[in-house]
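Have a look at the structure below before the remarks.
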Amino acid sequence: MATPKRQVGRYEKSTAAGEVISAFIPEPLPPALKLSAALQGRVRLAEQKLSRLGLAGEMVPSLEWFIYAFVRKEAVVSSQIEGTQASLVDLLAYEAGAPVGEEASDVEEVSNYLAALAYARQQLRSEKGLPLSTRLLNEAHRRLMKGVRGASKQPGELRRSQNWIGGTRPSNAVFVPPPPHKLGGLLSDLEKYIHRDDDLPPLVRAALVHVQFETIHPYLDGNGRIGRLLITLLLEHWKLLSEPLLYLSLFFKRHRAEYYRLLNAVRLEGDWEAWVSFFLEGISTIADEAAATARDLFVLVNKDRARILSASNASVMAARLLDQLPRHPIVTIPAVVKLLDTTKPTAAKAVGVLDQLGILQETTGRRRDRTFRYTGYLERLRAGTELEDS
Ligand SMILES: Nc1ncnc2c1ncn2[C@@H]1O[C@H](COP(=O)(O)OP(=O)(O)O)[C@@H](O)[C@H]1O
Ligand SMILES: [Mg+2]
């Protein structure tokens, strides 16, 4: 191991699964970090691209669509990083009330992520809500870990035992996070850092906070997802992006080995620069991709609307159905009855018009409980979220 560039932390003897191991206790933030001109350039570029993404959302009357879609994309991909087996289409089908098969508990996890994010954002926006704090993250964690699979993971609570990352047993772990008795202090330092000013640009601060959180690894499970959710919250808190439109986890998923290697390099070598640079590249890349996707989706919906209006069997209901699809890209007839507040025959007719135009496609092949997908929309939205991409 190379000598660290700077003070990174210290080790303390701890025990896990009956073995004595060295647990790592990081120094509090911030590290002595001086941004090179190159890094400063990256910061400015990422800031610009984020604000452009914010504008791409605001320009169109359909910001709500993009928030809806991109938050789901982030939830699915962040969950996939450590192996949750649910795709974006699984999630949307589940939300549409279509039957889910074996992936049920995976889809539940993703759905929990959405609930955790919505809860945290709502707390931060309301005057009486919790501030960005350990308590808020614990409450988010409680919601994330709700249900079958998370129940044994102490939802909403800091771990009370020593954990380790990678390897088959503590002695061959890649990394041993701090012992449980240190968690309270470390998280309170992190919380103070978030609320204290320093000279670093907020994007860099968000990068530092994410590694520090992953290094502390305060929960039995869900540390990656809560740590990435924290990035989303920080971007909003520090006014870098007013809505959660950035699905940054896609960058981490795409470069997972690099992501893990750089988290490690901070602890082993004090190499904060390499991590910060990677993080900023991720922000720029995904901000561009999300803005392009937003534009694509918007153009598609407009094109499809024009096609409906010029179709011989055009109806007001069919056009109204199209307007609902971005928030409900997978629908059933009963769902359309509710969405359009109409009768079953009228709903079926509207679906029929869109089906004939190829805008909606029936996917079950059944005569009953039919499920229709807005395929063109889903194709564009789901890029990078398929399980085989993992
Ligand atoms: N060497 C490492 N040092 C610190 N954090 C790491 C390291 N390797 C992986 N991680 C983080 O740990 C996360 C996995 O922890 P886990 O508690 O299982 O979270 P989740 O269940 O949300 O995926 C990864 O997504 C990553 O963010
Ligand atoms: Mg996990």
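Letters A, B, ... go to the chains of the structure tokens in the order shown; residues in each chain start at 1; ligands are counted from 1 in the same order.
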
List as a VMD selection string the protein and nucleic acid residues near Ala350 in chain A, meaning an atom at most 7 Å away when only C-alpha atoms are counted, but skip any in the same chain fewer than 5 places from it.
chain A and resid 317 to 318 321

Could you give me, as a ChimeraX atom specification, the residues within 9 Å of range 274-279 of chain A, counting only C-alpha atoms and dropping anything in the same chain fewer than 6 positions from it?
/A:39,42-43,203-204,207-208,211,251-252,258-259,262-263,265-266

Could you list the protein, DNA and RNA residues that have any atom within 9 Å of ligand 1, counting only C-alpha atoms and all ligand atoms, and write them as a PyMOL selection string?
chain A and resi 78-84+165-166+174-177+210-228+252+256-257+259-267

Ranking A:Trp164, A:Arg320, A:Ala311, A:Tyr193 by minimum distance to Thr15 in chain A and counting only C-alpha atoms, which one comes first?
A:Trp164

If we count only C-alpha atoms and set the cut-off at 12 Å, which residues sit around Pro131 in chain A, ignoring sequence neighbours fewer than 3 positions away in its own chain? Please answer as an MDAnalysis selection string.
chainID A and resid 120:128 134:137 139 191:192 194:195 233:234 237

In Å, with one decimal, what is the gap from CA of Lys5 in chain A to CA of Trp238 in chain A?
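Between CA of Lys5 in chain A and CA of Trp238 in chain A the gap works out to 28.9 Å.
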
Distance CA of Ala17 in chain A-CA of Ser188 in chain A, one decimal place?
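Calculated distance between CA of Ala17 in chain A and CA of Ser188 in chain A is 27.5 Å.
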
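CA of Arg142 in chain A sits 8.0 Å away from CA of Ala116 in chain A.
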
So that I can see what lies close to Leu240 in chain A, please list as a ChimeraX atom specification the residues with an atom at most 10 Å from it, counting only C-alpha atoms and leaving out residues fewer than 3 positions away in the same chain.
/A:46-48,50-51,54,202-203,232,234-237,243

Please save N, CA and C atoms of the selected residues as a PDB file, in the first residue's frame.
ATOM      1  N   ALA A  46     -19.865  20.582 -14.724  1.00  0.00           N
ATOM      2  CA  ALA A  46     -20.952  19.799 -14.116  1.00  0.00           C
ATOM      3  C   ALA A  46     -22.074  20.720 -13.648  1.00  0.00           C
ATOM      4  N   GLU A  47     -21.695  21.882 -13.083  1.00  0.00           N
ATOM      5  CA  GLU A  47     -22.724  22.842 -12.639  1.00  0.00           C
ATOM      6  C   GLU A  47     -23.570  23.321 -13.814  1.00  0.00           C
ATOM      7  N   GLN A  48     -22.886  23.629 -14.913  1.00  0.00           N
ATOM      8  CA  GLN A  48     -23.610  24.103 -16.109  1.00  0.00           C
ATOM      9  C   GLN A  48     -24.563  23.043 -16.627  1.00  0.00           C
ATOM     10  N   LEU A  50     -25.881  20.576 -15.057  1.00  0.00           N
ATOM     11  CA  LEU A  50     -27.009  20.385 -14.133  1.00  0.00           C
ATOM     12  C   LEU A  50     -28.049  21.474 -14.329  1.00  0.00           C
ATOM     13  N   SER A  51     -27.586  22.715 -14.495  1.00  0.00           N
ATOM     14  CA  SER A  51     -28.582  23.775 -14.612  1.00  0.00           C
ATOM     15  C   SER A  51     -29.288  23.663 -15.963  1.00  0.00           C
ATOM     16  N   GLY A  54     -31.979  21.169 -15.451  1.00  0.00           N
ATOM     17  CA  GLY A  54     -33.107  21.814 -14.767  1.00  0.00           C
ATOM     18  C   GLY A  54     -33.974  22.584 -15.746  1.00  0.00           C
ATOM     19  N   PRO A 202     -20.319  23.232  -3.692  1.00  0.00           N
ATOM     20  CA  PRO A 202     -21.264  22.238  -3.172  1.00  0.00           C
ATOM     21  C   PRO A 202     -21.206  20.885  -3.891  1.00  0.00           C
ATOM     22  N   LEU A 203     -20.908  20.874  -5.179  1.00  0.00           N
ATOM     23  CA  LEU A 203     -20.841  19.575  -5.867  1.00  0.00           C
ATOM     24  C   LEU A 203     -19.709  18.723  -5.309  1.00  0.00           C
ATOM     25  N   THR A 232     -28.915  12.832  -3.983  1.00  0.00           N
ATOM     26  CA  THR A 232     -30.106  13.488  -4.544  1.00  0.00           C
ATOM     27  C   THR A 232     -30.603  14.595  -3.615  1.00  0.00           C
ATOM     28  N   LEU A 234     -28.880  16.228  -1.341  1.00  0.00           N
ATOM     29  CA  LEU A 234     -27.909  17.325  -1.257  1.00  0.00           C
ATOM     30  C   LEU A 234     -27.982  18.237  -2.475  1.00  0.00           C
ATOM     31  N   LEU A 235     -28.187  17.655  -3.649  1.00  0.00           N
ATOM     32  CA  LEU A 235     -28.275  18.488  -4.865  1.00  0.00           C
ATOM     33  C   LEU A 235     -29.435  19.469  -4.741  1.00  0.00           C
ATOM     34  N   GLU A 236     -30.505  18.998  -4.146  1.00  0.00           N
ATOM     35  CA  GLU A 236     -31.668  19.864  -3.970  1.00  0.00           C
ATOM     36  C   GLU A 236     -31.428  20.877  -2.837  1.00  0.00           C
ATOM     37  N   HIS A 237     -30.887  20.369  -1.746  1.00  0.00           N
ATOM     38  CA  HIS A 237     -30.624  21.202  -0.571  1.00  0.00           C
ATOM     39  C   HIS A 237     -29.676  22.356  -0.903  1.00  0.00           C
ATOM     40  N   GLU A 243     -35.294  19.722  -8.776  1.00  0.00           N
ATOM     41  CA  GLU A 243     -36.116  18.512  -8.768  1.00  0.00           C
ATOM     42  C   GLU A 243     -35.195  17.304  -8.984  1.00  0.00           C
TER      43      GLU A 243
END

Name the residues in contact with Leu339 in chain A at a cut-off of 10 Å, using only C-alpha atoms, excluding same-chain residues fewer than 4 positions from it; report them as a ChimeraX atom specification.
/A:320-321,324-325,328,331,333-335,347

Which of range 7-62 of chain A fall in helix (DSSP H, G or I), as a VMD selection string:
chain A and resid 37 to 59

With C-alpha atoms kept, could you save the residues just selected as a PDB file, in the first residue's frame?
ATOM      1  CA  ALA A  37      -7.454  24.081 -12.255  1.00  0.00           C
ATOM      2  CA  ALA A  38      -8.545  20.912 -14.074  1.00  0.00           C
ATOM      3  CA  LEU A  39     -10.870  19.897 -11.239  1.00  0.00           C
ATOM      4  CA  GLN A  40     -12.263  23.406 -10.996  1.00  0.00           C
ATOM      5  CA  GLY A  41     -13.025  23.200 -14.705  1.00  0.00           C
ATOM      6  CA  ARG A  42     -14.869  19.948 -14.136  1.00  0.00           C
ATOM      7  CA  VAL A  43     -16.879  21.500 -11.344  1.00  0.00           C
ATOM      8  CA  ARG A  44     -17.995  24.375 -13.556  1.00  0.00           C
ATOM      9  CA  LEU A  45     -18.886  22.040 -16.402  1.00  0.00           C
ATOM     10  CA  ALA A  46     -20.952  19.799 -14.116  1.00  0.00           C
ATOM     11  CA  GLU A  47     -22.724  22.842 -12.639  1.00  0.00           C
ATOM     12  CA  GLN A  48     -23.610  24.103 -16.109  1.00  0.00           C
ATOM     13  CA  LYS A  49     -24.899  20.752 -17.251  1.00  0.00           C
ATOM     14  CA  LEU A  50     -27.009  20.385 -14.133  1.00  0.00           C
ATOM     15  CA  SER A  51     -28.582  23.775 -14.612  1.00  0.00           C
ATOM     16  CA  ARG A  52     -29.244  22.913 -18.255  1.00  0.00           C
ATOM     17  CA  LEU A  53     -30.978  19.738 -17.127  1.00  0.00           C
ATOM     18  CA  GLY A  54     -33.107  21.814 -14.767  1.00  0.00           C
ATOM     19  CA  LEU A  55     -34.070  24.060 -17.672  1.00  0.00           C
ATOM     20  CA  ALA A  56     -34.817  21.145 -19.999  1.00  0.00           C
ATOM     21  CA  GLY A  57     -37.307  20.049 -17.382  1.00  0.00           C
ATOM     22  CA  GLU A  58     -38.834  23.469 -16.919  1.00  0.00           C
ATOM     23  CA  MET A  59     -39.141  24.439 -20.559  1.00  0.00           C
TER      24      MET A  59
END

Restricting the calculation to only C-alpha atoms: of A:Glu281, A:Ile330, A:Leu354, A:Ile231, which residue gets closest to Leu91 in chain A?
A:Ile330

Can you work out which one of A:Lys153, A:Lys338, A:Arg169, A:Arg382 has the shortest atom-to-atom distance to ligand 2, counting only C-alpha atoms and all ligand atoms?
A:Lys153

Choose the residue, out of A:Glu27, A:Glu109, A:Glu103, A:Asp189, that has the smallest atom-to-atom separation from ligand 2; count only C-alpha atoms and all ligand atoms.
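For ligand 2, the nearest of the candidates is A:Glu109.
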